[in-house]
file start-v6.txt (compact mmCIF, C-alpha atoms and all ligand atoms)
# COMPACT_ATOMS: atom_id res chain seq x y z
CA MET Y 1 124.59 100.16 158.06
CA ASN Y 2 124.05 96.81 156.40
CA MET Y 3 124.77 96.10 152.77
CA GLN Y 4 121.15 96.45 151.70
CA GLU Y 5 121.03 99.93 153.21
CA ASN Y 6 124.29 100.99 151.52
CA ILE Y 7 123.13 100.09 148.10
CA ASN Y 8 119.87 101.94 148.49
CA ASN Y 9 121.56 105.06 149.75
CA LYS Y 10 122.43 107.66 147.11
CA THR Y 11 124.77 109.56 149.41
CA ALA Y 12 126.73 106.44 150.37
CA PRO Y 13 130.29 106.50 148.99
CA ILE Y 14 131.69 104.85 145.90
CA GLY Y 15 134.23 102.29 147.12
CA LEU Y 16 137.41 101.65 145.15
CA PHE Y 17 140.41 99.44 145.83
CA ASP Y 18 143.77 98.49 144.35
CA SER Y 19 147.03 97.00 145.55
CA GLY Y 20 148.41 100.52 145.87
CA VAL Y 21 148.60 103.95 144.28
CA GLY Y 22 147.47 102.65 140.89
CA GLY Y 23 143.86 102.91 142.01
CA THR Y 24 144.28 106.65 142.41
CA THR Y 25 144.42 107.00 138.60
CA ILE Y 26 140.90 105.56 138.55
CA TRP Y 27 139.81 107.57 141.58
CA LYS Y 28 140.88 110.73 139.72
CA GLU Y 29 138.80 109.82 136.66
CA VAL Y 30 135.78 108.97 138.84
CA ASN Y 31 136.14 112.17 140.84
CA ALA Y 32 136.54 114.31 137.70
CA LEU Y 33 133.36 112.85 136.21
CA MET Y 34 131.28 112.80 139.41
CA PRO Y 35 132.75 115.46 141.74
CA ASN Y 36 129.82 115.36 144.17
CA GLU Y 37 130.13 111.62 144.90
CA ASN Y 38 131.64 110.64 148.24
CA THR Y 39 134.40 108.08 147.95
CA LEU Y 40 136.41 105.50 149.89
CA PHE Y 41 139.64 104.15 148.48
CA ILE Y 42 141.71 101.28 149.84
CA ALA Y 43 145.34 100.90 148.81
CA ASP Y 44 146.19 97.36 149.91
CA ASN Y 45 149.88 98.25 149.69
CA LYS Y 46 150.87 95.82 152.42
CA ASN Y 47 150.14 93.13 149.85
CA ALA Y 48 151.46 94.81 146.69
CA PRO Y 49 152.24 93.77 144.07
CA TYR Y 50 149.22 91.65 143.19
CA GLY Y 51 150.68 90.96 139.78
CA GLU Y 52 153.00 88.22 141.04
CA LYS Y 53 150.35 86.43 143.12
CA THR Y 54 148.24 83.38 142.29
CA LYS Y 55 144.59 83.63 141.34
CA ALA Y 56 143.56 82.19 144.73
CA GLU Y 57 145.68 84.75 146.58
CA ILE Y 58 144.30 87.61 144.48
CA ILE Y 59 140.72 86.45 145.12
CA ALA Y 60 141.35 86.35 148.89
CA LEU Y 61 142.81 89.88 148.87
CA CYS Y 62 140.00 91.29 146.71
CA ASP Y 63 137.48 89.61 149.00
CA ALA Y 64 139.02 91.26 152.07
CA ASN Y 65 139.07 94.69 150.38
CA THR Y 66 135.45 94.30 149.33
CA ARG Y 67 134.32 93.35 152.84
CA LEU Y 68 136.07 96.36 154.27
CA LEU Y 69 134.52 98.74 151.74
CA LEU Y 70 131.07 97.29 152.35
CA ALA Y 71 131.55 97.52 156.11
CA LYS Y 72 132.44 101.20 155.63
CA GLY Y 73 129.23 101.72 153.69
CA ALA Y 74 130.11 101.63 149.97
CA LYS Y 75 127.13 101.57 147.57
CA ILE Y 76 129.14 100.26 144.61
CA ILE Y 77 132.61 98.72 144.34
CA VAL Y 78 135.12 99.73 141.68
CA VAL Y 79 137.88 97.16 141.37
CA ALA Y 80 140.49 99.74 140.35
CA CYS Y 81 142.98 97.06 139.46
CA ASN Y 82 143.33 95.06 136.25
CA THR Y 83 144.94 92.16 138.13
CA GLY Y 84 142.07 92.07 140.63
CA THR Y 85 139.42 92.33 137.95
CA THR Y 86 140.80 89.71 135.59
CA ASN Y 87 141.30 87.19 138.41
CA ALA Y 88 138.54 87.91 140.90
CA ILE Y 89 135.59 89.86 139.47
CA GLN Y 90 133.56 86.76 138.73
CA TYR Y 91 134.05 85.52 142.30
CA LEU Y 92 133.14 88.95 143.71
CA ARG Y 93 129.98 89.26 141.64
CA GLU Y 94 128.85 85.76 142.61
CA THR Y 95 129.67 86.27 146.28
CA TYR Y 96 128.26 89.78 146.82
CA LYS Y 97 125.19 89.73 144.63
CA GLU Y 98 123.54 92.73 146.29
CA VAL Y 99 126.17 95.25 145.26
CA PRO Y 100 127.22 96.31 141.76
CA PHE Y 101 130.87 95.83 140.80
CA ILE Y 102 132.77 97.75 138.15
CA GLY Y 103 136.00 96.23 136.88
CA ILE Y 104 138.88 97.39 134.75
CA GLU Y 105 140.52 95.38 131.99
CA PRO Y 106 143.27 96.28 129.51
CA ALA Y 107 141.78 98.34 126.64
CA ILE Y 108 142.75 95.84 123.95
CA LYS Y 109 139.41 96.12 122.20
CA PRO Y 110 139.53 99.83 121.30
CA ALA Y 111 143.22 99.47 120.45
CA SER Y 112 142.51 96.53 118.13
CA LEU Y 113 139.64 98.32 116.41
CA GLN Y 114 141.65 101.48 115.80
CA SER Y 115 145.02 99.96 114.98
CA VAL Y 116 146.14 100.45 111.39
CA THR Y 117 149.18 98.15 111.56
CA LYS Y 118 146.98 95.54 113.29
CA LYS Y 119 149.72 95.11 115.82
CA ILE Y 120 149.14 96.31 119.34
CA GLY Y 121 151.20 96.05 122.49
CA VAL Y 122 149.84 95.43 125.97
CA LEU Y 123 151.85 96.13 129.08
CA ALA Y 124 150.25 94.51 132.15
CA THR Y 125 151.09 92.43 135.19
CA ARG Y 126 151.98 88.76 134.92
CA SER Y 127 148.73 87.69 136.62
CA THR Y 128 146.59 89.85 134.34
CA LEU Y 129 148.20 88.40 131.23
CA ALA Y 130 147.93 84.87 132.66
CA SER Y 131 144.23 85.19 133.54
CA ASP Y 132 141.50 83.26 131.76
CA LEU Y 133 139.51 86.45 131.24
CA PHE Y 134 142.37 88.18 129.43
CA ALA Y 135 143.11 85.06 127.38
CA LYS Y 136 139.48 84.74 126.31
CA ASN Y 137 139.17 88.38 125.30
CA SER Y 138 142.45 88.53 123.43
CA GLU Y 139 141.77 85.26 121.57
CA HIS Y 140 138.42 86.65 120.46
CA LEU Y 141 139.99 89.87 119.18
CA LYS Y 142 142.80 88.08 117.41
CA GLN Y 143 140.20 86.16 115.44
CA GLU Y 144 137.63 88.89 114.90
CA GLU Y 145 140.01 91.74 114.12
CA GLN Y 146 142.98 89.81 112.72
CA VAL Y 147 145.13 91.71 115.16
CA GLU Y 148 148.44 90.67 116.62
CA ILE Y 149 148.56 91.34 120.36
CA ILE Y 150 152.07 91.54 121.74
CA GLU Y 151 152.05 90.94 125.48
CA GLN Y 152 154.68 92.28 127.83
CA VAL Y 153 154.83 91.73 131.59
CA GLY Y 154 155.60 95.02 133.30
CA GLU Y 155 158.04 93.28 135.61
CA GLY Y 156 159.28 95.52 138.41
CA LEU Y 157 157.30 98.65 137.49
CA VAL Y 158 154.75 98.51 140.31
CA GLU Y 159 157.47 97.77 142.89
CA LEU Y 160 159.42 100.87 141.84
CA ILE Y 161 156.32 103.09 141.95
CA GLU Y 162 155.22 101.72 145.33
CA THR Y 163 158.66 102.29 146.84
CA GLY Y 164 158.91 105.90 145.68
CA ARG Y 165 161.35 105.21 142.84
CA MET Y 166 159.13 106.24 139.95
CA ASN Y 167 161.44 108.84 138.45
CA THR Y 168 164.75 107.04 138.56
CA PRO Y 169 167.27 105.77 135.99
CA GLU Y 170 166.27 102.26 137.12
CA MET Y 171 162.73 102.94 135.92
CA THR Y 172 163.93 104.33 132.59
CA GLU Y 173 166.01 101.20 132.09
CA LEU Y 174 163.11 98.87 132.89
CA LEU Y 175 160.73 100.76 130.62
CA ARG Y 176 163.25 100.70 127.80
CA HIS Y 177 163.62 96.95 128.25
CA HIS Y 178 159.84 96.35 128.26
CA LEU Y 179 158.82 98.76 125.51
CA LEU Y 180 161.46 98.81 122.80
CA PRO Y 181 160.92 95.21 121.61
CA MET Y 182 157.21 95.97 121.06
CA VAL Y 183 158.12 99.14 119.18
CA ALA Y 184 160.54 97.15 117.01
CA GLN Y 185 157.72 94.76 116.13
CA GLY Y 186 155.65 97.59 114.65
CA ILE Y 187 152.89 98.29 117.16
CA ASP Y 188 150.86 101.45 116.62
CA TYR Y 189 148.90 101.19 119.90
CA LEU Y 190 150.25 100.59 123.37
CA VAL Y 191 147.71 99.55 125.98
CA LEU Y 192 148.55 100.35 129.60
CA GLY Y 193 146.92 97.37 131.31
CA CYS Y 194 147.69 98.22 134.93
CA THR Y 195 146.26 101.16 136.82
CA HIS Y 196 149.70 102.16 138.08
CA TYR Y 197 151.08 102.72 134.59
CA PRO Y 198 149.30 105.98 133.59
CA TYR Y 199 151.69 107.69 136.02
CA LEU Y 200 154.54 106.50 133.77
CA LEU Y 201 153.07 108.14 130.67
CA PRO Y 202 155.54 111.07 130.50
CA GLN Y 203 158.46 108.64 130.68
CA ILE Y 204 156.89 106.21 128.22
CA GLN Y 205 156.31 108.99 125.71
CA GLN Y 206 159.98 109.90 125.82
CA LEU Y 207 160.95 106.36 124.92
CA ILE Y 208 158.55 105.47 122.11
CA PRO Y 209 157.98 107.17 118.74
CA PRO Y 210 155.21 109.79 118.72
CA HIS Y 211 153.02 107.93 116.21
CA ILE Y 212 152.33 105.16 118.76
CA LYS Y 213 149.14 105.93 120.64
CA VAL Y 214 149.05 105.06 124.31
CA ILE Y 215 145.67 104.23 125.85
CA ASP Y 216 144.24 103.04 129.14
CA SER Y 217 140.76 102.27 130.48
CA GLY Y 218 140.47 104.87 133.25
CA TYR Y 219 137.92 107.19 131.67
CA ALA Y 220 135.83 104.28 130.39
CA VAL Y 221 135.66 102.87 133.92
CA ALA Y 222 134.49 106.20 135.32
CA LYS Y 223 131.79 106.43 132.62
CA GLN Y 224 130.68 102.88 133.31
CA THR Y 225 130.51 103.63 137.04
CA ARG Y 226 128.27 106.61 136.38
CA HIS Y 227 126.13 104.57 134.01
CA ILE Y 228 125.58 101.79 136.58
CA LEU Y 229 124.83 104.28 139.35
CA GLU Y 230 122.24 105.88 137.08
CA GLU Y 231 120.75 102.49 136.29
CA TYR Y 232 120.45 101.64 140.01
CA ASN Y 233 119.13 105.14 140.72
CA LEU Y 234 122.09 105.67 143.04
CA LEU Y 235 123.69 108.88 141.73
CA ASN Y 236 124.22 111.35 144.54
CA ASP Y 237 121.86 114.18 143.70
CA THR Y 238 122.56 116.30 146.79
CA ASP Y 239 124.91 119.27 146.54
CA THR Y 240 126.67 118.68 149.86
CA PRO Y 241 130.46 118.88 149.24
CA ALA Y 242 131.90 115.40 148.77
CA GLN Y 243 134.08 113.70 151.40
CA HIS Y 244 136.92 111.40 150.45
CA PHE Y 245 138.70 108.85 152.59
CA TRP Y 246 141.81 107.04 151.39
CA TYR Y 247 143.27 104.19 153.41
CA ALA Y 248 146.59 102.39 153.17
CA ASN Y 249 147.35 99.28 155.19
CA GLY Y 250 151.11 99.65 154.70
CA LYS Y 251 152.90 102.99 154.74
CA ALA Y 252 150.99 106.04 153.54
CA GLU Y 253 153.90 108.24 152.37
CA VAL Y 254 153.83 107.20 148.72
CA LEU Y 255 150.03 107.35 148.60
CA GLN Y 256 150.27 110.87 149.98
CA GLN Y 257 152.46 111.88 147.04
CA PHE Y 258 149.77 110.88 144.56
CA ALA Y 259 146.92 112.63 146.36
CA PRO Y 260 145.39 115.83 145.04
CA ASP Y 261 145.85 118.86 147.25
CA ILE Y 262 142.25 119.27 148.42
CA ASN Y 263 140.95 119.67 151.94
CA ASN Y 264 138.01 117.26 151.71
CA LEU Y 265 140.39 114.26 151.39
CA GLN Y 266 141.68 112.39 154.42
CA ILE Y 267 144.40 109.79 154.21
CA SER Y 268 144.89 107.29 157.02
CA VAL Y 269 146.64 104.04 157.80
CA LEU Y 270 144.38 101.09 158.54
N1 LIG Y 301 147.36 98.29 139.77
C1 LIG Y 301 147.11 96.92 139.60
C2 LIG Y 301 146.65 96.57 138.22
O1 LIG Y 301 145.94 97.34 137.63
C3 LIG Y 301 147.98 95.90 140.28
C4 LIG Y 301 149.43 96.06 140.21
C5 LIG Y 301 150.10 95.06 141.10
O2 LIG Y 301 149.87 95.12 142.31
O3 LIG Y 301 150.84 94.22 140.61
O4 LIG Y 301 146.93 95.52 137.70

call {"tool": "encode", "arguments": {"input": "start-v6.txt", "output": "structure tokens", "more": "lines below"}}
Ligand code: DGL
result
Amino acid sequence: MNMQENINNKTAPIGLFDSGVGGTTIWKEVNALMPNENTLFIADNKNAPYGEKTKAEIIALCDANTRLLLAKGAKIIVVACNTGTTNAIQYLRETYKEVPFIGIEPAIKPASLQSVTKKIGVLATRSTLASDLFAKNSEHLKQEEQVEIIEQVGEGLVELIETGRMNTPEMTELLRHHLLPMVAQGIDYLVLGCTHYPYLLPQIQQLIPPHIKVIDSGYAVAKQTRHILEEYNLLNDTDTPAQHFWYANGKAEVLQQFAPDINNLQISVL
């Protein structure tokens, strides 16, 4: 099937990718909102973490993931990775004009609008925080909303999750180190700007005071995906049960642990 055929085919799958299990937080939102859509998900875990890579490296990896998803027949691509989106979405949209792309960026706008203290914290990867797209958006908000945006690199978090050490004292220590300085500065919103981090929510909530609201962009991305599919007249309107294929190009054990227990999902190693 060539690309033109994919994007005109309502039953073709939604393609998603990330550097690893983080993308499954987005997959879960997409699947909850559109349970009859077929999906393909690539966890490029051989190359994780993206957050410590250069823009050129991130573009090359996102390009490879996109090609693979298109070759497997995706009708739309969800870049389920803040690092990928903030560094590569412009390149992807310019390079693959025939297919719609949905990206994910740290939810600093809703946090800024709703913050009462006008101090928000954003936890994201180094490459997300260093990107031009993030800089442009945060500068704009600082001026428009008179908000202080406290940035924190989530150093080490993705590595621990990807190596099966999510619930360890090491993780608690890292989170404490990353979060408590932002708390001390008076934030009332904490933005989780990496798709891996929603899995850390229970641990984060034990470390920060309950009045601090924690938000991410997962649901917004799923809604935007549905909206664009509607606009392109690409929503799957059949009632055939959906099929889901997840692929890892490194080991699949950790990915397996984050998979829902359903029988229409197949996980394989590329
Ligand atoms: N989950 C990704 C993100 O949203 C990338 C994490 C990484 O590989 O560093 O930024």

call {"tool": "residues_near_ligand", "arguments": {"input": "start-v6.txt", "ligand": "ligand LIG 301 (chain Y)", "cutoff": "6 Å", "atoms": "only C-alpha atoms and all ligand atoms", "output": "PDB file with C-alpha atoms, in the coordinates of the input"}}
result
ATOM      1  CA  ASP Y  18     143.770  98.490 144.350  1.00  0.00           C
ATOM      2  CA  SER Y  19     147.030  97.000 145.550  1.00  0.00           C
ATOM      3  CA  GLY Y  22     147.470 102.650 140.890  1.00  0.00           C
ATOM      4  CA  ALA Y  48     151.460  94.810 146.690  1.00  0.00           C
ATOM      5  CA  PRO Y  49     152.240  93.770 144.070  1.00  0.00           C
ATOM      6  CA  TYR Y  50     149.220  91.650 143.190  1.00  0.00           C
ATOM      7  CA  GLY Y  51     150.680  90.960 139.780  1.00  0.00           C
ATOM      8  CA  CYS Y  81     142.980  97.060 139.460  1.00  0.00           C
ATOM      9  CA  ASN Y  82     143.330  95.060 136.250  1.00  0.00           C
ATOM     10  CA  THR Y  83     144.940  92.160 138.130  1.00  0.00           C
ATOM     11  CA  THR Y 125     151.090  92.430 135.190  1.00  0.00           C
ATOM     12  CA  VAL Y 158     154.750  98.510 140.310  1.00  0.00           C
ATOM     13  CA  CYS Y 194     147.690  98.220 134.930  1.00  0.00           C
ATOM     14  CA  THR Y 195     146.260 101.160 136.820  1.00  0.00           C
ATOM     15  CA  HIS Y 196     149.700 102.160 138.080  1.00  0.00           C
TER      16      HIS Y 196
END

call {"tool": "closest_residue", "arguments": {"input": "start-v6.txt", "among": "Y:Asn233, Y:Ser217, Y:Gln143, Y:Asn45", "to": "Ala252 (chain Y)", "atoms": "all atoms listed in the file"}}
result
Y:Asn45

call {"tool": "closest_residue", "arguments": {"input": "start-v6.txt", "among": "Y:Leu160, Y:Gly121, Y:Ile58, Y:Leu190", "to": "Tyr91 (chain Y)", "atoms": "all atoms listed in the file"}}
result
Y:Ile58

call {"tool": "atom_distance", "arguments": {"input": "start-v6.txt", "atom1": "CA of His140 (chain Y)", "atom2": "CA of Thr86 (chain Y)"}}
result
15.6 Å

call {"tool": "closest_residue", "arguments": {"input": "start-v6.txt", "among": "Y:Ala64, Y:Lys213, Y:Lys72, Y:Glu52", "to": "Trp246 (chain Y)", "atoms": "only C-alpha atoms"}}
result
Y:Lys72

call {"tool": "residues_around", "arguments": {"input": "start-v6.txt", "residues": "Gln224 (chain Y)", "least_positions_apart": "6", "cutoff": "12 Å", "atoms": "all atoms listed in the file", "output": "list in words"}}
result
Ile26, Glu29, Val30, Leu33, Met34, Ile76, Ile77, Val78, Pro100, Phe101, Ile102, Gly103, Ile104, Ser217, Gly218, Glu230 and Glu231 of chain Y

call {"tool": "atom_distance", "arguments": {"input": "start-v6.txt", "atom1": "CA of Asp237 (chain Y)", "atom2": "CA of Glu37 (chain Y)"}}
result
8.7 Å

call {"tool": "residues_around", "arguments": {"input": "start-v6.txt", "residues": "Val191 (chain Y)", "least_positions_apart": "4", "cutoff": "7 Å", "atoms": "only C-alpha atoms", "output": "ChimeraX atom specification"}}
result
/Y:106-108,121-123,214-216

call {"tool": "closest_residue", "arguments": {"input": "start-v6.txt", "among": "Y:Arg67, Y:Lys75, Y:Asp44, Y:Lys119", "to": "Thr95 (chain Y)", "atoms": "only C-alpha atoms"}}
result
Y:Arg67

call {"tool": "atom_distance", "arguments": {"input": "start-v6.txt", "atom1": "CA of Pro241 (chain Y)", "atom2": "CA of Thr24 (chain Y)"}}
result
19.7 Å

call {"tool": "residues_around", "arguments": {"input": "start-v6.txt", "residues": "region 164-170 of chain Y", "least_positions_apart": "4", "cutoff": "8 Å", "atoms": "only C-alpha atoms", "output": "CSV table (one decimal) with C-alpha atoms, keeping the file's coordinate frame"}}
result
chain,number,residue,atom,x,y,z
Y,160,LEU,CA,159.4,100.9,141.8
Y,174,LEU,CA,163.1,98.9,132.9
Y,200,LEU,CA,154.5,106.5,133.8
Y,254,VAL,CA,153.8,107.2,148.7

call {"tool": "closest_residue", "arguments": {"input": "start-v6.txt", "among": "Y:Leu175, Y:Gln90, Y:Asn137, Y:Ile161", "to": "Gln206 (chain Y)", "atoms": "all atoms listed in the file"}}
result
Y:Leu175

call {"tool": "residues_around", "arguments": {"input": "start-v6.txt", "residues": "Asp239 (chain Y)", "least_positions_apart": "3", "cutoff": "10 Å", "atoms": "only C-alpha atoms", "output": "list of chain:residue names"}}
result
Y:Pro35, Y:Asn36, Y:Glu37, Y:Asn236, Y:Ala242

call {"tool": "closest_residue", "arguments": {"input": "start-v6.txt", "among": "Y:Gly154, Y:Pro202, Y:Pro110, Y:Gly20", "to": "Tyr189 (chain Y)", "atoms": "all atoms listed in the file"}}
result
Y:Pro110

call {"tool": "residues_around", "arguments": {"input": "start-v6.txt", "residues": "Ala12 (chain Y)", "least_positions_apart": "6", "cutoff": "8 Å", "atoms": "only C-alpha atoms", "output": "ChimeraX atom specification"}}
result
/Y:6,38,73-75
